[in-house]
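my_file-v7.pdb follows (PDB, C-alpha atoms and all ligand atoms):
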```pdb
ATOM      1  CA  MET A 272       0.000   0.000   0.000  1.00  0.00           C
ATOM      2  CA  GLN A 273       1.219   3.479  -0.873  1.00  0.00           C
ATOM      3  CA  ILE A 274       1.237   6.460   1.433  1.00  0.00           C
ATOM      4  CA  THR A 275      -1.603   8.689   0.316  1.00  0.00           C
ATOM      5  CA  LYS A 276      -4.296  10.811   1.912  1.00  0.00           C
ATOM      6  CA  HIS A 277      -5.892   9.091   4.909  1.00  0.00           C
ATOM      7  CA  THR A 278      -3.371   6.312   5.268  1.00  0.00           C
ATOM      8  CA  VAL A 279      -1.488   5.853   8.512  1.00  0.00           C
ATOM      9  CA  ALA A 280       2.259   5.682   8.000  1.00  0.00           C
ATOM     10  CA  THR A 281       4.703   4.603  10.681  1.00  0.00           C
ATOM     11  CA  LEU A 282       8.190   6.061  10.339  1.00  0.00           C
ATOM     12  CA  GLU A 283      11.629   5.801  11.839  1.00  0.00           C
ATOM     13  CA  TYR A 284      13.340   9.116  11.253  1.00  0.00           C
ATOM     14  CA  THR A 285      16.290  11.278  12.089  1.00  0.00           C
ATOM     15  CA  LEU A 286      16.245  15.022  11.549  1.00  0.00           C
ATOM     16  CA  THR A 287      19.510  16.919  11.214  1.00  0.00           C
ATOM     17  CA  ASP A 288      20.390  20.495  10.294  1.00  0.00           C
ATOM     18  CA  GLU A 289      22.823  21.645   7.588  1.00  0.00           C
ATOM     19  CA  SER A 290      25.807  20.967   9.828  1.00  0.00           C
ATOM     20  CA  GLY A 291      24.677  17.404  10.542  1.00  0.00           C
ATOM     21  CA  GLU A 292      23.652  18.052  14.126  1.00  0.00           C
ATOM     22  CA  VAL A 293      20.764  15.799  15.189  1.00  0.00           C
ATOM     23  CA  LEU A 294      17.696  17.900  16.044  1.00  0.00           C
ATOM     24  CA  ASP A 295      15.228  15.077  16.549  1.00  0.00           C
ATOM     25  CA  THR A 296      15.101  11.325  16.099  1.00  0.00           C
ATOM     26  CA  SER A 297      12.698   8.460  16.676  1.00  0.00           C
ATOM     27  CA  LYS A 298      15.603   6.259  17.756  1.00  0.00           C
ATOM     28  CA  GLY A 299      15.285   5.168  21.356  1.00  0.00           C
ATOM     29  CA  ARG A 300      11.742   6.501  21.483  1.00  0.00           C
ATOM     30  CA  GLY A 301       9.912   4.304  19.003  1.00  0.00           C
ATOM     31  CA  PRO A 302       8.590   5.075  15.544  1.00  0.00           C
ATOM     32  CA  LEU A 303       6.214   7.914  14.746  1.00  0.00           C
ATOM     33  CA  ALA A 304       2.758   7.127  13.358  1.00  0.00           C
ATOM     34  CA  TYR A 305       0.703   9.828  11.633  1.00  0.00           C
ATOM     35  CA  VAL A 306      -2.311  10.225   9.376  1.00  0.00           C
ATOM     36  CA  HIS A 307      -1.116  11.399   5.957  1.00  0.00           C
ATOM     37  CA  GLY A 308      -2.762  14.378   4.291  1.00  0.00           C
ATOM     38  CA  LEU A 309      -4.027  16.156   7.407  1.00  0.00           C
ATOM     39  CA  GLY A 310      -1.073  18.495   7.793  1.00  0.00           C
ATOM     40  CA  MET A 311       0.286  16.617  10.804  1.00  0.00           C
ATOM     41  CA  LEU A 312       3.820  16.708   9.393  1.00  0.00           C
ATOM     42  CA  ILE A 313       5.514  19.671   7.749  1.00  0.00           C
ATOM     43  CA  PRO A 314       4.390  20.077   4.108  1.00  0.00           C
ATOM     44  CA  GLY A 315       7.783  19.259   2.566  1.00  0.00           C
ATOM     45  CA  LEU A 316       8.004  15.946   4.353  1.00  0.00           C
ATOM     46  CA  GLU A 317       4.439  14.890   3.484  1.00  0.00           C
ATOM     47  CA  GLU A 318       5.218  15.671  -0.177  1.00  0.00           C
ATOM     48  CA  GLU A 319       8.305  13.457  -0.070  1.00  0.00           C
ATOM     49  CA  LEU A 320       6.400  10.622   1.582  1.00  0.00           C
ATOM     50  CA  GLU A 321       3.471  10.644  -0.840  1.00  0.00           C
ATOM     51  CA  GLY A 322       3.463   7.363  -2.799  1.00  0.00           C
ATOM     52  CA  LYS A 323       6.097   5.618  -0.691  1.00  0.00           C
ATOM     53  CA  VAL A 324       5.546   2.043   0.501  1.00  0.00           C
ATOM     54  CA  GLN A 325       6.559  -0.062   3.473  1.00  0.00           C
ATOM     55  CA  GLY A 326      10.327  -0.635   3.513  1.00  0.00           C
ATOM     56  CA  ASP A 327      11.175   2.487   1.514  1.00  0.00           C
ATOM     57  CA  SER A 328      13.930   4.760   2.763  1.00  0.00           C
ATOM     58  CA  LEU A 329      14.383   8.332   1.758  1.00  0.00           C
ATOM     59  CA  LYS A 330      16.554  11.316   2.410  1.00  0.00           C
ATOM     60  CA  ALA A 331      14.896  14.681   2.036  1.00  0.00           C
ATOM     61  CA  ARG A 332      16.307  18.193   2.183  1.00  0.00           C
ATOM     62  CA  ILE A 333      13.536  20.595   3.052  1.00  0.00           C
ATOM     63  CA  GLU A 334      13.797  24.366   2.817  1.00  0.00           C
ATOM     64  CA  PRO A 335      12.240  26.500   5.582  1.00  0.00           C
ATOM     65  CA  ASP A 336       9.244  27.556   3.460  1.00  0.00           C
ATOM     66  CA  LYS A 337       8.146  23.903   3.352  1.00  0.00           C
ATOM     67  CA  GLY A 338       9.400  23.220   6.851  1.00  0.00           C
ATOM     68  CA  TYR A 339       8.768  25.345   9.920  1.00  0.00           C
ATOM     69  CA  GLY A 340       8.607  28.585   7.995  1.00  0.00           C
ATOM     70  CA  VAL A 341      10.999  31.459   7.525  1.00  0.00           C
ATOM     71  CA  ARG A 342      11.955  33.623  10.457  1.00  0.00           C
ATOM     72  CA  ASP A 343       9.814  36.701  11.043  1.00  0.00           C
ATOM     73  CA  ASP A 344      11.563  39.476  12.985  1.00  0.00           C
ATOM     74  CA  GLN A 345       8.186  40.928  13.922  1.00  0.00           C
ATOM     75  CA  MET A 346       7.626  37.869  16.069  1.00  0.00           C
ATOM     76  CA  VAL A 347      10.417  39.000  18.372  1.00  0.00           C
ATOM     77  CA  GLN A 348       8.908  41.196  21.073  1.00  0.00           C
ATOM     78  CA  SER A 349       9.941  42.750  24.332  1.00  0.00           C
ATOM     79  CA  VAL A 350       7.595  42.336  27.279  1.00  0.00           C
ATOM     80  CA  PRO A 351       7.751  43.536  30.892  1.00  0.00           C
ATOM     81  CA  ARG A 352       9.060  40.916  33.311  1.00  0.00           C
ATOM     82  CA  GLU A 353       5.731  40.933  35.195  1.00  0.00           C
ATOM     83  CA  GLN A 354       3.965  39.368  32.204  1.00  0.00           C
ATOM     84  CA  LEU A 355       5.848  36.155  32.845  1.00  0.00           C
ATOM     85  CA  PRO A 356       5.084  33.839  35.762  1.00  0.00           C
ATOM     86  CA  ALA A 357       6.634  35.296  38.933  1.00  0.00           C
ATOM     87  CA  GLU A 358       7.714  31.890  40.240  1.00  0.00           C
ATOM     88  CA  VAL A 359       9.863  31.208  37.181  1.00  0.00           C
ATOM     89  CA  ASP A 360      13.541  32.090  37.216  1.00  0.00           C
ATOM     90  CA  VAL A 361      13.730  33.477  33.685  1.00  0.00           C
ATOM     91  CA  GLU A 362      16.883  32.670  31.735  1.00  0.00           C
ATOM     92  CA  VAL A 363      18.000  33.128  28.147  1.00  0.00           C
ATOM     93  CA  GLY A 364      17.116  30.035  26.122  1.00  0.00           C
ATOM     94  CA  MET A 365      14.117  29.175  28.279  1.00  0.00           C
ATOM     95  CA  GLN A 366      10.928  28.276  26.438  1.00  0.00           C
ATOM     96  CA  PHE A 367       7.335  28.986  27.397  1.00  0.00           C
ATOM     97  CA  GLN A 368       3.998  27.833  26.054  1.00  0.00           C
ATOM     98  CA  ALA A 369       2.019  30.903  25.087  1.00  0.00           C
ATOM     99  CA  GLN A 370      -1.637  30.988  24.120  1.00  0.00           C
ATOM    100  CA  THR A 371      -2.387  32.286  20.627  1.00  0.00           C
ATOM    101  CA  GLN A 372      -5.518  34.256  19.762  1.00  0.00           C
ATOM    102  CA  ASP A 373      -7.095  31.249  18.054  1.00  0.00           C
ATOM    103  CA  GLY A 374      -6.638  29.188  21.223  1.00  0.00           C
ATOM    104  CA  GLY A 375      -3.651  27.207  20.004  1.00  0.00           C
ATOM    105  CA  ALA A 376      -0.389  26.804  21.862  1.00  0.00           C
ATOM    106  CA  HIS A 377       2.782  28.470  20.733  1.00  0.00           C
ATOM    107  CA  VAL A 378       6.320  28.108  21.993  1.00  0.00           C
ATOM    108  CA  VAL A 379       8.186  31.316  22.727  1.00  0.00           C
ATOM    109  CA  THR A 380      11.876  31.456  23.549  1.00  0.00           C
ATOM    110  CA  VAL A 381      13.608  33.958  25.836  1.00  0.00           C
ATOM    111  CA  VAL A 382      16.376  35.508  23.718  1.00  0.00           C
ATOM    112  CA  GLU A 383      17.483  38.447  25.849  1.00  0.00           C
ATOM    113  CA  ILE A 384      17.000  39.829  29.356  1.00  0.00           C
ATOM    114  CA  GLU A 385      17.620  43.498  30.048  1.00  0.00           C
ATOM    115  CA  GLY A 386      16.647  44.503  33.541  1.00  0.00           C
ATOM    116  CA  GLU A 387      12.874  44.180  33.774  1.00  0.00           C
ATOM    117  CA  THR A 388      12.458  43.738  30.034  1.00  0.00           C
ATOM    118  CA  ILE A 389      12.403  40.303  28.493  1.00  0.00           C
ATOM    119  CA  LYS A 390      12.806  39.789  24.774  1.00  0.00           C
ATOM    120  CA  LEU A 391      10.776  36.852  23.481  1.00  0.00           C
ATOM    121  CA  ASP A 392      11.008  35.134  20.115  1.00  0.00           C
ATOM    122  CA  ALA A 393       7.762  33.525  18.968  1.00  0.00           C
ATOM    123  CA  ASN A 394       9.272  32.053  15.826  1.00  0.00           C
ATOM    124  CA  HIS A 395       9.235  28.272  15.790  1.00  0.00           C
ATOM    125  CA  PRO A 396      12.621  27.100  17.108  1.00  0.00           C
ATOM    126  CA  LEU A 397      13.204  25.497  13.688  1.00  0.00           C
ATOM    127  CA  ALA A 398      11.989  28.472  11.629  1.00  0.00           C
ATOM    128  CA  GLY A 399      14.575  29.395   9.020  1.00  0.00           C
ATOM    129  CA  VAL A 400      16.330  26.042   9.367  1.00  0.00           C
ATOM    130  CA  THR A 401      16.895  23.830   6.330  1.00  0.00           C
ATOM    131  CA  LEU A 402      15.921  20.351   7.454  1.00  0.00           C
ATOM    132  CA  HIS A 403      17.513  17.073   6.487  1.00  0.00           C
ATOM    133  CA  PHE A 404      15.342  14.043   7.075  1.00  0.00           C
ATOM    134  CA  ASP A 405      16.471  10.455   6.923  1.00  0.00           C
ATOM    135  CA  VAL A 406      13.298   8.381   6.945  1.00  0.00           C
ATOM    136  CA  GLU A 407      12.359   4.718   6.792  1.00  0.00           C
ATOM    137  CA  VAL A 408       8.763   3.710   6.191  1.00  0.00           C
ATOM    138  CA  VAL A 409       7.999   0.949   8.679  1.00  0.00           C
ATOM    139  CA  GLU A 410       4.326   0.392   7.933  1.00  0.00           C
ATOM    140  CA  VAL A 411       1.479   1.783   5.846  1.00  0.00           C
ATOM    141  CA  ARG A 412      -2.187   1.046   6.473  1.00  0.00           C
ATOM    142  CA  GLU A 413      -5.596   2.629   5.944  1.00  0.00           C
ATOM    143  CA  ALA A 414      -6.620   5.115   8.612  1.00  0.00           C
ATOM    144  CA  THR A 415      -9.863   4.304  10.395  1.00  0.00           C
ATOM    145  CA  SER A 416     -12.691   6.826  10.083  1.00  0.00           C
ATOM    146  CA  GLU A 417     -12.279   7.491  13.789  1.00  0.00           C
ATOM    147  CA  GLU A 418      -8.607   8.377  13.336  1.00  0.00           C
ATOM    148  CA  ILE A 419      -9.438  10.751  10.493  1.00  0.00           C
ATOM    149  CA  GLU A 420     -12.155  12.352  12.617  1.00  0.00           C
ATOM    150  CA  HIS A 421      -9.865  12.720  15.644  1.00  0.00           C
ATOM    151  CA  GLY A 422      -6.920  13.883  13.567  1.00  0.00           C
ATOM    152  CA  HIS A 423      -4.497  11.474  15.228  1.00  0.00           C
ATOM    153  CA  VAL A 424      -3.452   7.851  15.188  1.00  0.00           C
ATOM    154  CA  HIS A 425      -4.757   5.245  17.617  1.00  0.00           C
ATOM    155  CA  GLY A 426      -2.679   2.351  18.887  1.00  0.00           C
ATOM    156  CA  PRO A 427       1.103   1.881  18.698  1.00  0.00           C
ATOM    157  CA  GLY A 428       2.908   5.158  18.073  1.00  0.00           C
ATOM    158  CA  GLY A 429      -0.285   7.149  18.611  1.00  0.00           C
ATOM    159  CA  HIS A 430      -3.019   7.812  21.142  1.00  0.00           C
ATOM    160  CA  GLU A 431      -4.274   5.107  23.477  1.00  0.00           C
ATOM    161  CA  HIS A 432      -7.857   5.892  24.367  1.00  0.00           C
TER
HETATM  162 ZN    ZN A 501      -8.603   9.604  19.109  1.00  0.00          ZN
END
```
In structure tokens, write the structure found in this file.
Amino acid sequence: MQITKHTVATLEYTLTDESGEVLDTSKGRGPLAYVHGLGMLIPGLEEELEGKVQGDSLKARIEPDKGYGVRDDQMVQSVPREQLPAEVDVEVGMQFQAQTQDGGAHVVTVVEIEGETIKLDANHPLAGVTLHFDVEVVEVREATSEEIEHGHVHGPGGHEH
């Protein structure tokens, strides 16, 4: 069976940046299962996986515009210290979950601290990064209607409920 819209693909993968540094890997954690065609993976990777079958391996180089987006300097903002939780010892490099206007969650990173002013970067940590994926397709199957409805995979590599 080929990977196409509404199939569940299970992948072993390693993600590295241009310099070869490992950013993320399924090794030691177990393979990733996802429903294809729902935007669960970055667009460039779903494109590369389209049509692949169990046992296929691929290497993909994905530019930021098909990855986590290009960096937007307007997403770097300074906020007063009091807007952050008082109990947290704020340090450069620290990441927070922030609520977006549409109710989603967004990761912001502390990039600078100047007195009572904290500079936050709301760009995705991998925005502007060219991604190198090394992927092996472990399994491909049809998604159940329930999985498509829920927008996630049930069973191994996915949700248990
Ligand atoms: Zn579910």
>> Calculated over all atoms listed in the file, which of the candidates A:Glu420, A:Glu407, A:Glu317, A:Glu334 has the smallest distance to ligand ZN 501 (chain A)?
In response: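 Result for the nearest residue to ligand ZN 501 (chain A): A:Glu420.
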> When the cut-off is 7 Å and you count all atoms listed in the file, which residues lie near ligand ZN 501 (chain A), shown as a VMD selection string?
Replying inline: chain A and resid 417 to 418 421 423 to 425 430 432
>> Please expand the PyMOL selection byres (((chain A and resi 364-381) around 10) and not hetatm) into the concrete residues it hits in this file, giving the result as an NGL selection string.
In response: :A and (346-349 or 355-356 or 360-363 or 382-384 or 389-396)
>> Nearest residue to A:Val400 out of A:Gln354, A:Thr388, A:Thr287, A:Thr415, using only C-alpha atoms?
In response: A:Thr287
> So, counting all atoms listed in the file, which residue among A:Ile419, A:Val279, A:Ala398, A:Met272 is closest to A:Tyr339?
Replying inline: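 Comparing A:Ile419, A:Val279, A:Ala398, A:Met272 against A:Tyr339, the winner is A:Ala398.
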> Quick one: distance from atom CA of A:His403 to atom CA of A:Gly426 in Å, one decimal?
Replying inline: 27.9 Å
>> I need the output of the PyMOL selection byres (((chain A and resi 341) around 6) and not hetatm) for this file as a list of chain:residue names; which residues are they?
In response: A:Pro335, A:Asp336, A:Gly340, A:Arg342, A:Ala398, A:Gly399
> Hey, can you check how far atom CA of A:Val411 sits from atom CA of A:Gly315?
Replying inline: 18.9 Å
> Written as a count of residues only, which residues does the PyMOL selection byres (((chain A and resi 306) around 9) and not hetatm) give for the file shown?
Replying inline: 20
> When you draw a straight line from atom CA of A:Glu410 to atom CA of A:Leu320, how long is it in Å?
Replying inline: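 If I compute the distance from atom CA of A:Glu410 to atom CA of A:Leu320, I get 12.2 Å.
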Taking every listed atom of stretch 392-404 of chain A and adding 4 Å to each side, what centre and edge lengths in Å (one decimal) does the axis-aligned box have, as lines of an AutoDock Vina configuration file?
```
center_x = 12.6
center_y = 24.6
center_z = 13.2
size_x = 17.8
size_y = 29.1
size_z = 21.8
```
>> I'd like to know which of A:Leu282, A:Val408, A:Val350, A:Ala331 is closest to A:Glu319, using only C-alpha atoms.
In response: A:Ala331
>> Env of A:Arg332: 8 Å cut, atoms = all atoms listed in the file, seq-sep filter 4 positions within chain, self excluded. Answer as a VMD selection string.
In response: chain A and resid 401 to 404
